[in-house]
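Enquirer: Contents are compact mmCIF, C-alpha atoms and all ligand atoms; file name run_14.txt:
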# COMPACT_ATOMS: atom_id res chain seq x y z
CA MET A 1 5.17 38.65 -42.05
CA THR A 2 7.15 36.54 -44.47
CA THR A 3 6.71 37.16 -48.19
CA ARG A 4 8.46 34.15 -49.64
CA PRO A 5 6.62 32.34 -52.46
CA ASN A 6 4.42 29.47 -51.31
CA ARG A 7 6.24 26.15 -51.40
CA LEU A 8 4.35 23.31 -53.07
CA LEU A 9 5.29 19.65 -53.08
CA VAL A 10 3.76 17.43 -55.76
CA ILE A 11 3.77 13.61 -55.59
CA GLU A 12 2.98 12.20 -59.03
CA ASP A 13 4.32 9.16 -60.87
CA GLU A 14 3.20 9.92 -64.44
CA PRO A 15 6.17 11.64 -66.16
CA GLY A 16 4.01 13.78 -68.47
CA LEU A 17 1.91 15.05 -65.59
CA ARG A 18 4.98 15.72 -63.46
CA GLU A 19 6.22 18.09 -66.12
CA ILE A 20 2.81 19.80 -66.37
CA PHE A 21 2.65 20.33 -62.60
CA GLN A 22 6.18 21.77 -62.57
CA ILE A 23 5.67 24.17 -65.48
CA VAL A 24 2.13 25.34 -64.69
CA LEU A 25 2.75 25.94 -61.00
CA GLU A 26 6.20 27.51 -61.42
CA THR A 27 4.87 29.86 -64.10
CA ALA A 28 2.21 30.94 -61.59
CA GLY A 29 4.98 31.95 -59.16
CA TYR A 30 5.04 28.99 -56.79
CA ASP A 31 8.21 27.33 -55.50
CA VAL A 32 7.62 23.75 -56.71
CA GLU A 33 9.24 20.38 -56.13
CA VAL A 34 7.86 17.29 -57.84
CA VAL A 35 8.68 13.74 -56.67
CA GLU A 36 7.43 10.45 -58.00
CA ASP A 37 6.48 8.30 -55.04
CA GLY A 38 4.89 8.58 -51.62
CA GLN A 39 7.97 7.44 -49.70
CA VAL A 40 10.21 10.10 -51.26
CA GLY A 41 7.33 12.55 -50.88
CA LEU A 42 7.12 11.98 -47.14
CA GLU A 43 10.89 12.56 -46.79
CA ALA A 44 10.69 15.68 -48.98
CA ILE A 45 7.84 17.09 -46.86
CA ASP A 46 9.92 16.62 -43.74
CA LYS A 47 12.90 18.35 -45.38
CA ARG A 48 11.14 21.21 -47.19
CA GLN A 49 8.12 21.95 -44.97
CA PRO A 50 5.86 22.86 -47.90
CA ASP A 51 2.80 25.11 -47.55
CA LEU A 52 0.74 22.69 -49.64
CA VAL A 53 1.03 19.06 -50.76
CA ILE A 54 -0.54 17.76 -53.96
CA THR A 55 -0.55 13.99 -54.21
CA ASP A 56 -1.75 11.30 -56.57
CA LEU A 57 -3.48 8.39 -54.80
CA LEU A 58 -1.81 5.52 -56.65
CA THR A 59 1.90 6.24 -56.37
CA PRO A 60 4.65 3.57 -56.24
CA ARG A 61 6.22 2.34 -52.99
CA MET A 62 3.69 4.15 -50.80
CA HIS A 63 0.20 5.00 -52.00
CA GLY A 64 -1.46 8.33 -51.26
CA TYR A 65 -3.68 7.02 -48.44
CA GLU A 66 -0.71 5.69 -46.50
CA MET A 67 1.32 8.80 -47.18
CA ILE A 68 -1.47 11.04 -45.81
CA ARG A 69 -2.02 8.81 -42.78
CA ARG A 70 1.70 8.81 -41.94
CA LEU A 71 2.07 12.51 -42.59
CA ARG A 72 -0.83 13.39 -40.28
CA ALA A 73 0.77 11.31 -37.51
CA THR A 74 3.95 13.44 -37.51
CA ALA A 75 4.37 16.71 -35.59
CA HIS A 76 5.30 18.64 -38.73
CA GLY A 77 2.60 17.10 -40.93
CA ARG A 78 -0.50 17.97 -38.92
CA ARG A 79 -1.11 21.39 -40.42
CA VAL A 80 -0.11 21.16 -44.07
CA PRO A 81 -3.11 21.22 -46.46
CA ILE A 82 -3.34 18.37 -48.97
CA ILE A 83 -4.98 18.19 -52.41
CA VAL A 84 -5.55 14.67 -53.72
CA VAL A 85 -5.41 14.32 -57.50
CA SER A 86 -6.69 11.07 -58.94
CA GLY A 87 -8.23 9.41 -61.93
CA GLN A 88 -9.94 7.11 -59.45
CA THR A 89 -13.02 9.19 -58.83
CA TYR A 90 -15.21 6.71 -56.93
CA SER A 91 -16.98 8.59 -54.18
CA ALA A 92 -15.79 6.01 -51.63
CA ASP A 93 -12.16 6.82 -52.53
CA GLN A 94 -12.77 10.53 -52.30
CA LYS A 95 -14.50 10.11 -48.95
CA ARG A 96 -11.65 8.00 -47.60
CA ALA A 97 -9.02 10.54 -48.69
CA LEU A 98 -10.99 13.39 -47.13
CA GLU A 99 -11.48 11.43 -43.90
CA LEU A 100 -7.74 10.84 -43.67
CA GLY A 101 -7.13 14.56 -43.84
CA ALA A 102 -6.94 15.57 -47.50
CA GLY A 103 -8.66 18.93 -47.82
CA THR A 104 -9.68 18.76 -51.47
CA PHE A 105 -10.05 16.27 -54.31
CA LEU A 106 -9.15 17.16 -57.92
CA PRO A 107 -10.24 14.53 -60.47
CA LYS A 108 -7.98 13.69 -63.43
CA PRO A 109 -7.87 14.81 -66.13
CA PHE A 110 -7.96 18.47 -65.21
CA LYS A 111 -7.44 21.76 -67.01
CA ARG A 112 -4.57 24.12 -66.22
CA GLN A 113 -6.90 26.77 -64.79
CA GLN A 114 -8.70 24.19 -62.64
CA LEU A 115 -5.39 23.27 -61.04
CA LEU A 116 -4.39 26.89 -60.45
CA ASP A 117 -7.81 27.70 -58.96
CA ILE A 118 -7.79 24.78 -56.56
CA VAL A 119 -4.23 25.53 -55.42
CA LYS A 120 -5.00 29.21 -54.81
CA ASN A 121 -8.32 28.43 -53.09
CA THR A 122 -6.71 25.85 -50.83
CA LEU A 123 -3.96 28.28 -49.83
CA ASP A 124 -6.58 31.00 -49.17
CA MET A 125 -8.80 28.81 -46.97
CA VAL A 126 -8.92 29.70 -43.29
CA HIS A 127 -8.37 26.77 -40.93
CA VAL A 128 -9.41 26.93 -37.28
CA ARG A 129 -7.56 24.18 -35.47
CA PHE A 130 -8.22 22.91 -31.96
CA TRP A 131 -5.20 21.92 -29.85
CA GLY A 132 -7.07 21.94 -26.54
CA VAL A 133 -10.86 22.00 -26.00
CA ARG A 134 -11.37 21.17 -22.32
CA GLY A 135 -12.37 23.76 -19.72
CA SER A 136 -11.13 24.12 -16.11
CA ILE A 137 -8.51 21.36 -15.98
CA ALA A 138 -6.87 18.90 -18.35
CA ALA A 139 -8.79 15.62 -18.35
CA PRO A 140 -6.89 13.08 -20.47
CA GLY A 141 -7.78 9.40 -20.41
CA PRO A 142 -9.64 6.67 -22.22
CA GLU A 143 -13.03 8.27 -21.54
CA THR A 144 -12.11 11.60 -23.18
CA ILE A 145 -9.94 10.27 -25.97
CA ARG A 146 -12.20 11.23 -28.88
CA TYR A 147 -12.80 14.89 -27.97
CA GLY A 148 -9.49 15.35 -26.15
CA GLY A 149 -8.31 16.23 -22.67
CA ASN A 150 -6.10 19.32 -23.14
CA THR A 151 -7.18 22.78 -22.02
CA PRO A 152 -7.87 25.67 -24.44
CA CYS A 153 -5.57 26.42 -27.33
CA VAL A 154 -6.85 27.22 -30.83
CA THR A 155 -5.08 28.43 -33.96
CA ILE A 156 -6.41 30.44 -36.87
CA GLU A 157 -4.32 29.67 -39.94
CA ARG A 158 -4.23 30.80 -43.55
CA GLY A 159 -1.20 29.83 -45.60
CA GLN A 160 1.77 31.21 -43.70
CA ASP A 161 -0.39 33.36 -41.38
CA LEU A 162 -1.00 32.04 -37.87
CA LEU A 163 -2.70 33.40 -34.75
CA ILE A 164 -2.76 31.49 -31.45
CA LEU A 165 -5.73 31.80 -29.07
CA ASP A 166 -5.01 30.88 -25.46
CA ALA A 167 -2.11 29.01 -23.92
CA GLY A 168 -3.78 26.05 -22.20
CA THR A 169 -2.09 22.66 -22.10
CA GLY A 170 -2.91 22.16 -25.81
CA LEU A 171 -0.21 24.76 -26.55
CA ARG A 172 2.52 22.21 -25.83
CA GLN A 173 1.67 20.07 -28.86
CA LEU A 174 1.32 23.16 -31.07
CA GLY A 175 4.80 24.26 -29.96
CA LEU A 176 6.30 20.90 -30.92
CA CYS A 177 4.59 21.12 -34.30
CA LEU A 178 5.79 24.68 -34.98
CA HIS A 179 9.31 23.79 -33.89
CA ALA A 180 9.40 20.80 -36.25
CA GLU A 181 8.10 22.94 -39.12
CA ALA A 182 10.64 25.72 -38.56
CA LYS A 183 13.69 23.49 -39.19
CA GLY A 184 15.82 26.01 -37.28
CA ALA A 185 14.53 29.11 -39.08
CA PRO A 186 13.43 31.98 -36.79
CA GLN A 187 9.69 32.35 -36.20
CA HIS A 188 7.53 35.31 -35.23
CA LEU A 189 4.44 34.08 -33.38
CA ASN A 190 1.43 35.95 -32.00
CA MET A 191 -0.78 34.78 -29.15
CA LEU A 192 -4.00 36.17 -27.66
CA ILE A 193 -4.85 35.16 -24.09
CA THR A 194 -8.46 35.56 -22.91
CA HIS A 195 -7.58 35.50 -19.20
CA THR A 196 -5.04 34.02 -16.85
CA HIS A 197 -6.93 31.24 -15.13
CA TRP A 198 -4.64 28.21 -15.10
CA ASP A 199 -6.42 26.33 -17.84
CA HIS A 200 -5.64 29.18 -20.27
CA ILE A 201 -1.92 29.65 -19.47
CA GLN A 202 -0.55 26.34 -18.20
CA GLY A 203 0.85 25.37 -21.59
CA PHE A 204 2.98 28.51 -21.76
CA PRO A 205 6.02 27.17 -19.84
CA PHE A 206 6.03 24.15 -22.19
CA PHE A 207 5.93 26.16 -25.44
CA VAL A 208 9.17 25.15 -27.16
CA PRO A 209 9.38 28.11 -29.62
CA ALA A 210 9.57 30.46 -26.60
CA TYR A 211 12.88 28.89 -25.59
CA LEU A 212 14.68 29.42 -28.91
CA PRO A 213 16.90 32.44 -29.49
CA GLY A 214 15.98 34.26 -32.68
CA ASN A 215 12.26 33.62 -32.24
CA LYS A 216 9.90 36.47 -31.47
CA LEU A 217 6.71 36.02 -29.49
CA ASP A 218 4.06 38.69 -28.95
CA VAL A 219 1.49 37.89 -26.28
CA TYR A 220 -1.71 39.96 -25.99
CA GLY A 221 -4.16 39.74 -23.10
CA PRO A 222 -6.25 41.74 -20.64
CA PRO A 223 -4.67 43.67 -17.77
CA SER A 224 -5.31 41.60 -14.68
CA VAL A 225 -6.91 42.81 -11.45
CA GLU A 226 -3.84 43.37 -9.31
CA LYS A 227 -0.70 42.68 -11.32
CA PRO A 228 0.50 43.41 -14.85
CA LEU A 229 -0.18 40.54 -17.25
CA GLU A 230 3.54 39.86 -17.64
CA LYS A 231 3.86 39.48 -13.87
CA VAL A 232 1.07 36.92 -13.80
CA LEU A 233 2.78 34.86 -16.52
CA ARG A 234 6.09 35.29 -14.65
CA GLY A 235 4.42 34.22 -11.41
CA GLN A 236 3.33 30.87 -12.83
CA MET A 237 7.04 30.21 -13.55
CA ASP A 238 8.18 31.12 -10.03
CA PRO A 239 10.72 28.52 -8.77
CA ALA A 240 8.06 27.20 -6.37
CA TYR A 241 6.02 26.05 -9.37
CA PHE A 242 8.40 25.58 -12.30
CA PRO A 243 12.14 25.05 -12.77
CA VAL A 244 12.64 27.66 -15.52
CA ALA A 245 11.91 31.39 -15.14
CA LEU A 246 10.11 33.43 -17.79
CA GLY A 247 13.25 35.55 -18.16
CA ASP A 248 15.24 32.43 -19.04
CA MET A 249 13.13 31.77 -22.12
CA ALA A 250 15.50 32.76 -24.92
CA ALA A 251 13.00 34.07 -27.47
CA ASP A 252 12.28 37.79 -27.65
CA ILE A 253 8.96 37.82 -25.74
CA THR A 254 6.79 40.93 -25.47
CA VAL A 255 3.63 40.95 -23.39
CA HIS A 256 1.04 43.53 -24.48
CA GLU A 257 -1.86 44.47 -22.24
CA VAL A 258 -4.90 45.06 -24.42
CA ARG A 259 -6.08 48.64 -23.77
CA GLU A 260 -7.75 49.42 -27.08
CA PRO A 261 -10.90 47.65 -28.28
CA GLN A 262 -9.33 47.12 -31.72
CA PHE A 263 -5.79 46.27 -32.73
CA GLN A 264 -4.00 44.66 -35.65
CA VAL A 265 -1.85 41.53 -35.39
CA GLY A 266 -0.28 40.94 -38.81
CA PRO A 267 -3.21 40.40 -41.20
CA PHE A 268 -5.63 39.69 -38.32
CA LYS A 269 -7.89 42.56 -37.23
CA VAL A 270 -8.73 41.85 -33.58
CA THR A 271 -11.58 43.31 -31.54
CA ALA A 272 -11.62 42.63 -27.81
CA MET A 273 -14.52 42.76 -25.36
CA TYR A 274 -14.81 42.08 -21.64
CA ILE A 275 -17.11 39.17 -20.83
CA ASN A 276 -18.80 37.85 -17.69
CA HIS A 277 -16.38 35.56 -15.83
CA PRO A 278 -14.67 35.82 -12.42
CA GLY A 279 -11.69 38.20 -12.72
CA ILE A 280 -10.91 39.96 -16.00
CA THR A 281 -11.69 37.99 -19.14
CA MET A 282 -11.87 38.96 -22.78
CA ALA A 283 -13.56 37.54 -25.85
CA PHE A 284 -11.96 38.16 -29.22
CA ARG A 285 -13.51 38.78 -32.60
CA ILE A 286 -11.00 38.17 -35.37
CA ASP A 287 -11.46 39.46 -38.89
CA LEU A 288 -9.15 37.96 -41.49
CA ASP A 289 -9.98 39.72 -44.77
CA GLY A 290 -13.70 39.27 -44.17
CA THR A 291 -13.67 35.85 -42.50
CA ILE A 292 -14.99 36.43 -38.98
CA ILE A 293 -14.26 34.19 -35.99
CA THR A 294 -15.62 35.05 -32.54
CA TYR A 295 -13.92 33.29 -29.64
CA ALA A 296 -15.90 33.61 -26.40
CA THR A 297 -14.81 30.94 -24.00
CA ASP A 298 -15.36 31.22 -20.24
CA THR A 299 -18.42 33.41 -19.93
CA GLU A 300 -21.80 33.25 -18.19
CA PRO A 301 -24.95 35.06 -19.30
CA TYR A 302 -25.39 38.19 -17.15
CA ARG A 303 -29.15 37.74 -17.03
CA PHE A 304 -28.89 34.34 -15.34
CA LEU A 305 -26.15 35.37 -12.93
CA LEU A 306 -27.92 38.58 -11.90
CA GLY A 307 -31.39 37.14 -12.20
CA ASN A 308 -32.44 33.56 -12.49
CA ARG A 309 -32.61 31.17 -15.43
CA GLU A 310 -35.97 29.82 -14.24
CA GLN A 311 -37.55 33.29 -13.75
CA PRO A 312 -36.27 35.33 -16.66
CA ASP A 313 -38.67 38.26 -16.20
CA SER A 314 -37.15 39.94 -13.15
CA GLU A 315 -35.70 43.47 -13.30
CA LEU A 316 -32.19 42.16 -12.80
CA SER A 317 -32.64 39.70 -15.63
CA GLU A 318 -33.73 42.56 -17.85
CA TYR A 319 -30.57 44.54 -17.10
CA GLY A 320 -28.52 41.38 -17.61
CA GLY A 321 -30.24 40.82 -20.93
CA GLN A 322 -29.04 44.21 -22.12
CA ARG A 323 -25.46 43.27 -21.26
CA ASP A 324 -25.87 39.87 -22.92
CA ALA A 325 -26.93 41.64 -26.13
CA GLU A 326 -23.35 42.96 -26.33
CA LEU A 327 -22.10 39.40 -26.80
CA VAL A 328 -24.70 38.82 -29.51
CA ASN A 329 -23.39 41.89 -31.32
CA PHE A 330 -19.85 40.67 -30.85
CA ALA A 331 -20.71 37.38 -32.57
CA ARG A 332 -22.84 39.09 -35.24
CA ASP A 333 -22.59 37.34 -38.64
CA ALA A 334 -19.55 35.35 -37.52
CA ASP A 335 -18.46 32.58 -39.88
CA LEU A 336 -17.53 30.65 -36.77
CA TYR A 337 -18.64 31.27 -33.21
CA ILE A 338 -16.50 29.33 -30.73
CA ALA A 339 -18.60 29.34 -27.56
CA ASP A 340 -18.35 28.31 -23.95
CA SER A 341 -20.89 25.51 -23.57
CA GLN A 342 -19.56 23.77 -20.51
CA TYR A 343 -22.86 22.72 -18.92
CA SER A 344 -26.18 21.16 -19.72
CA PRO A 345 -29.25 23.17 -18.61
CA GLU A 346 -29.73 20.65 -15.79
CA GLU A 347 -26.13 21.08 -14.56
CA TYR A 348 -26.34 24.86 -14.74
CA VAL A 349 -28.89 24.89 -11.92
CA ASP A 350 -26.12 23.92 -9.49
CA LYS A 351 -23.31 25.72 -11.33
CA ARG A 352 -24.85 29.20 -11.50
CA GLY A 353 -22.15 31.72 -10.64
CA TRP A 354 -19.28 29.53 -11.80
CA GLY A 355 -18.66 31.69 -14.86
CA HIS A 356 -19.72 29.32 -17.62
CA THR A 357 -22.57 28.86 -20.06
CA CYS A 358 -24.93 26.00 -20.76
CA TYR A 359 -25.20 24.91 -24.37
CA VAL A 360 -28.79 26.04 -24.91
CA ASP A 361 -27.69 29.59 -24.13
CA ALA A 362 -24.74 29.29 -26.53
CA ILE A 363 -27.23 28.33 -29.26
CA ASP A 364 -29.39 31.35 -28.39
CA VAL A 365 -26.43 33.70 -28.86
CA ALA A 366 -25.39 32.04 -32.13
CA LEU A 367 -28.92 32.23 -33.55
CA ALA A 368 -29.54 35.81 -32.42
CA ALA A 369 -26.18 36.80 -33.92
CA HIS A 370 -26.92 35.00 -37.22
CA ALA A 371 -23.62 33.17 -36.91
CA ARG A 372 -23.03 30.66 -39.72
CA ARG A 373 -21.54 27.99 -37.55
CA LEU A 374 -21.31 27.25 -33.83
CA VAL A 375 -18.59 25.21 -32.19
CA LEU A 376 -19.29 23.97 -28.67
CA PHE A 377 -16.10 24.57 -26.70
CA SER A 378 -14.67 24.39 -23.18
CA HIS A 379 -16.04 20.91 -22.50
CA ASP A 380 -16.51 20.13 -18.83
CA PRO A 381 -13.72 17.90 -17.41
CA MET A 382 -16.45 15.56 -16.07
CA HIS A 383 -17.97 15.10 -19.53
CA VAL A 384 -16.80 11.84 -21.09
CA ASP A 385 -17.02 11.38 -24.86
CA GLU A 386 -20.54 9.93 -24.82
CA MET A 387 -21.82 12.95 -22.87
CA ILE A 388 -20.37 15.33 -25.46
CA ASP A 389 -21.96 13.21 -28.21
CA GLU A 390 -25.27 13.66 -26.41
CA LYS A 391 -24.70 17.41 -25.90
CA LEU A 392 -24.05 17.78 -29.64
CA ARG A 393 -27.09 15.67 -30.52
CA ARG A 394 -29.35 17.78 -28.31
CA CYS A 395 -27.97 21.01 -29.74
CA ARG A 396 -28.58 19.90 -33.32
CA GLU A 397 -32.08 18.81 -32.33
CA ILE A 398 -32.84 22.22 -30.82
CA VAL A 399 -31.63 23.98 -33.98
CA THR A 400 -33.80 21.71 -36.15
CA GLN A 401 -36.84 22.18 -33.89
CA ARG A 402 -36.48 25.92 -34.27
CA GLY A 403 -36.35 25.59 -38.05
CA GLU A 404 -32.87 27.10 -38.26
CA SER A 405 -29.92 26.13 -40.46
CA LEU A 406 -27.11 26.89 -38.00
CA VAL A 407 -24.33 24.29 -38.28
CA VAL A 408 -23.32 23.01 -34.84
CA ASP A 409 -20.19 20.99 -34.02
CA ALA A 410 -18.36 20.08 -30.84
CA ALA A 411 -14.67 21.04 -30.80
CA ILE A 412 -12.36 18.04 -31.17
CA GLU A 413 -8.72 18.21 -30.17
CA GLY A 414 -6.45 17.79 -33.19
CA GLN A 415 -9.12 18.61 -35.75
CA ALA A 416 -9.61 21.69 -37.88
CA ILE A 417 -12.66 23.44 -39.28
CA ASP A 418 -12.09 24.90 -42.73
CA LEU A 419 -13.74 28.20 -43.56
CA VAL A 420 -14.20 29.44 -47.11
CA PRO A 421 -13.24 33.14 -47.26
CA PRO A 422 -15.78 35.61 -48.75
CA SER A 423 -13.66 36.03 -51.91
CA LEU A 424 -14.20 32.34 -52.75
CA ARG A 425 -17.87 32.00 -51.83
CA VAL A 426 -20.30 31.17 -54.56
CA GLY A 427 -23.56 33.15 -54.53
ZN ZN B 1 -11.66 30.89 -16.53
As structure tokens, how would this structure be written, given the file I've shared?
Ligand SMILES: [Zn+2]

Expert:
Amino acid sequence: MTTRPNRLLVIEDEPGLREIFQIVLETAGYDVEVVEDGQVGLEAIDKRQPDLVITDLLTPRMHGYEMIRRLRATAHGRRVPIIVVSGQTYSADQKRALELGAGTFLPKPFKRQQLLDIVKNTLDMVHVRFWGVRGSIAAPGPETIRYGGNTPCVTIERGQDLLILDAGTGLRQLGLCLHAEAKGAPQHLNMLITHTHWDHIQGFPFFVPAYLPGNKLDVYGPPSVEKPLEKVLRGQMDPAYFPVALGDMAADITVHEVREPQFQVGPFKVTAMYINHPGITMAFRIDLDGTIITYATDTEPYRFLLGNREQPDSELSEYGGQRDAELVNFARDADLYIADSQYSPEEYVDKRGWGHTCYVDAIDVALAAHARRLVLFSHDPMHVDEMIDEKLRRCREIVTQRGESLVVDAAIEGQAIDLVPPSLRVG
């Protein structure tokens, strides 16, 4: 992992404050550049690829809102965290800045320690970003535009640390973003693959960083039924399917078959578990210094596959229930549980045995596991935006009816969920 100091870019037009930012942040060990307007700031972000941007809202030539909006529209600007600093503390302004993609708002005037705390806390936040949220097959189009049409790809990010989950078609956009950020510098990237069904690997041949000499890519996934994992990835790039072979990708690529239940990937402690899906599929539980994310996409409750959802008391259901308890343990106390929730209960009746879960059962796991937050994931390709709205509404209603406080969201392509690490939690 890289150990360079974090690069900060500050956009501030008041000369006195510019000096304060420079001195305070440099003294704290950050690599700081301060510019005075949004236009220059945008150019400097493109050139320097900072780890954090601090911007005033009312800067000359281009105000903070426009700067954030433009930055978020670029490949390189999607991931960088932003702190907005402003004397304009109307809640409507704060709300607008946060909606545009600023992570935090620091009102002026502020104390030195306040600034240092907010910078450190923002850099320590864990961001879970969704690049592809759709199960089975990519389903782009006007009817899926809000939640997104790409197949699974998720990143867990903290400062300069990054872990990629799955290589569905969403991986292509992530690759473009990482390539733009690198500015030619070599990158070492790590990727976990849950299984090799098409929707979880089809982005791999389009992952730009894998084509660049000097880059290193470590891919971790389950051994498949008949062939080594590397052979499966190689097979999808056979000339019959794709014009470039895996061996022609110029990065140093190593494929690791996961044989141990626990392994370390940089700062990420990963636990793997087999789950119930046709073929060999893994769920991952990732521990990043106490922030826990469980990623269990593509799984079906054993008790409903072996038994029957409508008659849960059979002997087979009982055995299945014991196996399902393993998933509950795997998601235990997770800060974020990313769960297969492809079907409604009504749809599941006809889709039993297809290897996916209905959202009511995802809620049951999250509640039994005491997860803090549930993200509905692997949206069915037939589910248009309004159907996912309805799925989310029904899930929240169920949680309320049960008197629980579980936070439920539906994964949205291009958006991130920010998790406060235990070291920063109050109370
Ligand atoms: Zn699958």

Enquirer: Enumerate as a PDB file with C-alpha atoms, in the frame of the given file the residues within 7 Å of ligand ZN 1 (chain B), counting all atoms listed in the file.

Expert:
ATOM      1  CA  SER A 136     -11.130  24.120 -16.110  1.00  0.00           C
ATOM      2  CA  HIS A 195      -7.580  35.500 -19.200  1.00  0.00           C
ATOM      3  CA  HIS A 197      -6.930  31.240 -15.130  1.00  0.00           C
ATOM      4  CA  HIS A 277     -16.380  35.560 -15.830  1.00  0.00           C
ATOM      5  CA  ASP A 298     -15.360  31.220 -20.240  1.00  0.00           C
TER       6      ASP A 298
END

Enquirer: Can you pull out the residues contacting Ile286 (chain A)? Cut-off 7 Å, using only C-alpha atoms, and skip same-chain residues under 4 positions away; I want them as a list in words.

Expert: Phe268, Lys269, Val270, Thr271, Ile292, Ile293 and Thr294 of chain A

Enquirer: May I ask which of the residues A:Ala283, A:Leu42, A:Cys358, A:Met382 is the closest one to Tyr343 (chain A), counting only C-alpha atoms?

Expert: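 Closest residue, counting only C-alpha atoms: A:Cys358.
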
Enquirer: Just the number, please: distance in Å from CA of Ala182 (chain A) to CA of Pro209 (chain A), one decimal.

Expert: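 Result for CA of Ala182 (chain A) versus CA of Pro209 (chain A): 9.3 Å, one decimal.
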
Enquirer: The centre and edge lengths of an axis-aligned box containing all atoms of region 396-408 of chain A present in the file, extended by 6 Å on each side, are to be given in Å to one decimal, as AutoDock Vina command-line options.

Expert:
--center_x -30.1 --center_y 23.0 --center_z -35.6 --size_x 25.5 --size_y 20.3 --size_z 21.6

Enquirer: Which distance in Å separates CA of Asp287 (chain A) and CA of Ala416 (chain A), to one decimal?

Expert: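 Separation between CA of Asp287 (chain A) and CA of Ala416 (chain A): 17.9 Å.
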
Enquirer: Quick one: of A:Ala250, A:Ile388, A:Ile83, A:Ala75, who's nearest to Lys120 (chain A), counting only C-alpha atoms?

Expert: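 That would be A:Ile83, the residue with the smallest distance to Lys120 (chain A).
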
Enquirer: Looking at A:Tyr147, A:Ala296, A:Gly168, A:Leu163, which one is nearest to Leu392 (chain A), with distances taken over all atoms listed in the file?

Expert: A:Tyr147

Enquirer: Rank nothing, just name the residue among A:Lys111, A:Lys216, A:Arg96, A:Arg259 nearest to Leu229 (chain A), using all atoms listed in the file.

Expert: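 Comparing A:Lys111, A:Lys216, A:Arg96, A:Arg259 against Leu229 (chain A), the winner is A:Arg259.
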
Enquirer: Report, in Å to a single decimal, how far apart CA of Val154 (chain A) and CA of Gly132 (chain A) are.

Expert: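 These atoms are spaced 6.8 Å apart.
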
Enquirer: For Ser341 (chain A), which residue out of A:Leu217, A:Ala185, A:Ala410, A:Val328 is the nearest one, using all atoms listed in the file?

Expert: A:Ala410

Enquirer: What's the 6 Å shell around Ile275 (chain A), counting all atoms listed in the file, without same-chain residues fewer than 6 positions away, as a compact mmCIF listing (two decimals) with C-alpha atoms, in the coordinates of the input?

Expert:
# COMPACT_ATOMS: atom_id res chain seq x y z
CA THR A 281 -11.69 37.99 -19.14
CA MET A 282 -11.87 38.96 -22.78
CA THR A 299 -18.42 33.41 -19.93

Enquirer: Which residue, A:Gly135, A:Ile68, A:Thr74, A:Val128, has the smallest gap to Glu99 (chain A) when you use only C-alpha atoms?

Expert: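 Using only C-alpha atoms, the shortest distance to Glu99 (chain A) belongs to A:Ile68.
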
Enquirer: Using only C-alpha atoms, what residues lie at most 12 Å away from (-5.3, 16.9, -19.7) (file coordinates), given as an NGL selection string?

Expert: :A and (131-145 or 147-152 or 168-173 or 199 or 202-203 or 379-382 or 413)

Enquirer: Could you please take those selected residues and save C-alpha atoms as a CSV table (one decimal), keeping the file's coordinate frame?

Expert:
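And here's part-v9.csv as it stands now:
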chain,number,residue,atom,x,y,z
A,131,TRP,CA,-5.2,21.9,-29.8
A,132,GLY,CA,-7.1,21.9,-26.5
A,133,VAL,CA,-10.9,22.0,-26.0
A,134,ARG,CA,-11.4,21.2,-22.3
A,135,GLY,CA,-12.4,23.8,-19.7
A,136,SER,CA,-11.1,24.1,-16.1
A,137,ILE,CA,-8.5,21.4,-16.0
A,138,ALA,CA,-6.9,18.9,-18.4
A,139,ALA,CA,-8.8,15.6,-18.4
A,140,PRO,CA,-6.9,13.1,-20.5
A,141,GLY,CA,-7.8,9.4,-20.4
A,142,PRO,CA,-9.6,6.7,-22.2
A,143,GLU,CA,-13.0,8.3,-21.5
A,144,THR,CA,-12.1,11.6,-23.2
A,145,ILE,CA,-9.9,10.3,-26.0
A,147,TYR,CA,-12.8,14.9,-28.0
A,148,GLY,CA,-9.5,15.4,-26.2
A,149,GLY,CA,-8.3,16.2,-22.7
A,150,ASN,CA,-6.1,19.3,-23.1
A,151,THR,CA,-7.2,22.8,-22.0
A,152,PRO,CA,-7.9,25.7,-24.4
A,168,GLY,CA,-3.8,26.0,-22.2
A,169,THR,CA,-2.1,22.7,-22.1
A,170,GLY,CA,-2.9,22.2,-25.8
A,171,LEU,CA,-0.2,24.8,-26.6
A,172,ARG,CA,2.5,22.2,-25.8
A,173,GLN,CA,1.7,20.1,-28.9
A,199,ASP,CA,-6.4,26.3,-17.8
A,202,GLN,CA,-0.6,26.3,-18.2
A,203,GLY,CA,0.8,25.4,-21.6
A,379,HIS,CA,-16.0,20.9,-22.5
A,380,ASP,CA,-16.5,20.1,-18.8
A,381,PRO,CA,-13.7,17.9,-17.4
A,382,MET,CA,-16.4,15.6,-16.1
A,413,GLU,CA,-8.7,18.2,-30.2

Enquirer: Hey, what's within 12 Å of Thr122 (chain A) if we count all atoms listed in the file and toss same-chain stuff fewer than 3 positions away? As a ChimeraX atom specification, please?

Expert: /A:6,8,51-54,80-84,102-106,115-119,125-127,157-159,418-421,424

Enquirer: Give me the residues near Gln236 (chain A) as a PyMOL selection string, where near means some atom within 9 Å (using only C-alpha atoms) and where sequence neighbours in that chain fewer than 5 positions away do not count.

Expert: chain A and resi 198+201-202+205+231+241-242+245-246

Enquirer: Next, dump the selected residues to file, keeping only C-alpha atoms, as an mmCIF file, in the frame of the given file.

Expert:
data_model
loop_
_atom_site.group_PDB
_atom_site.id
_atom_site.type_symbol
_atom_site.label_atom_id
_atom_site.label_comp_id
_atom_site.auth_asym_id
_atom_site.auth_seq_id
_atom_site.Cartn_x
_atom_site.Cartn_y
_atom_site.Cartn_z
ATOM 1 C CA TRP A 198 -4.640 28.210 -15.100
ATOM 2 C CA ILE A 201 -1.920 29.650 -19.470
ATOM 3 C CA GLN A 202 -0.550 26.340 -18.200
ATOM 4 C CA PRO A 205 6.020 27.170 -19.840
ATOM 5 C CA LYS A 231 3.860 39.480 -13.870
ATOM 6 C CA TYR A 241 6.020 26.050 -9.370
ATOM 7 C CA PHE A 242 8.400 25.580 -12.300
ATOM 8 C CA ALA A 245 11.910 31.390 -15.140
ATOM 9 C CA LEU A 246 10.110 33.430 -17.790
#
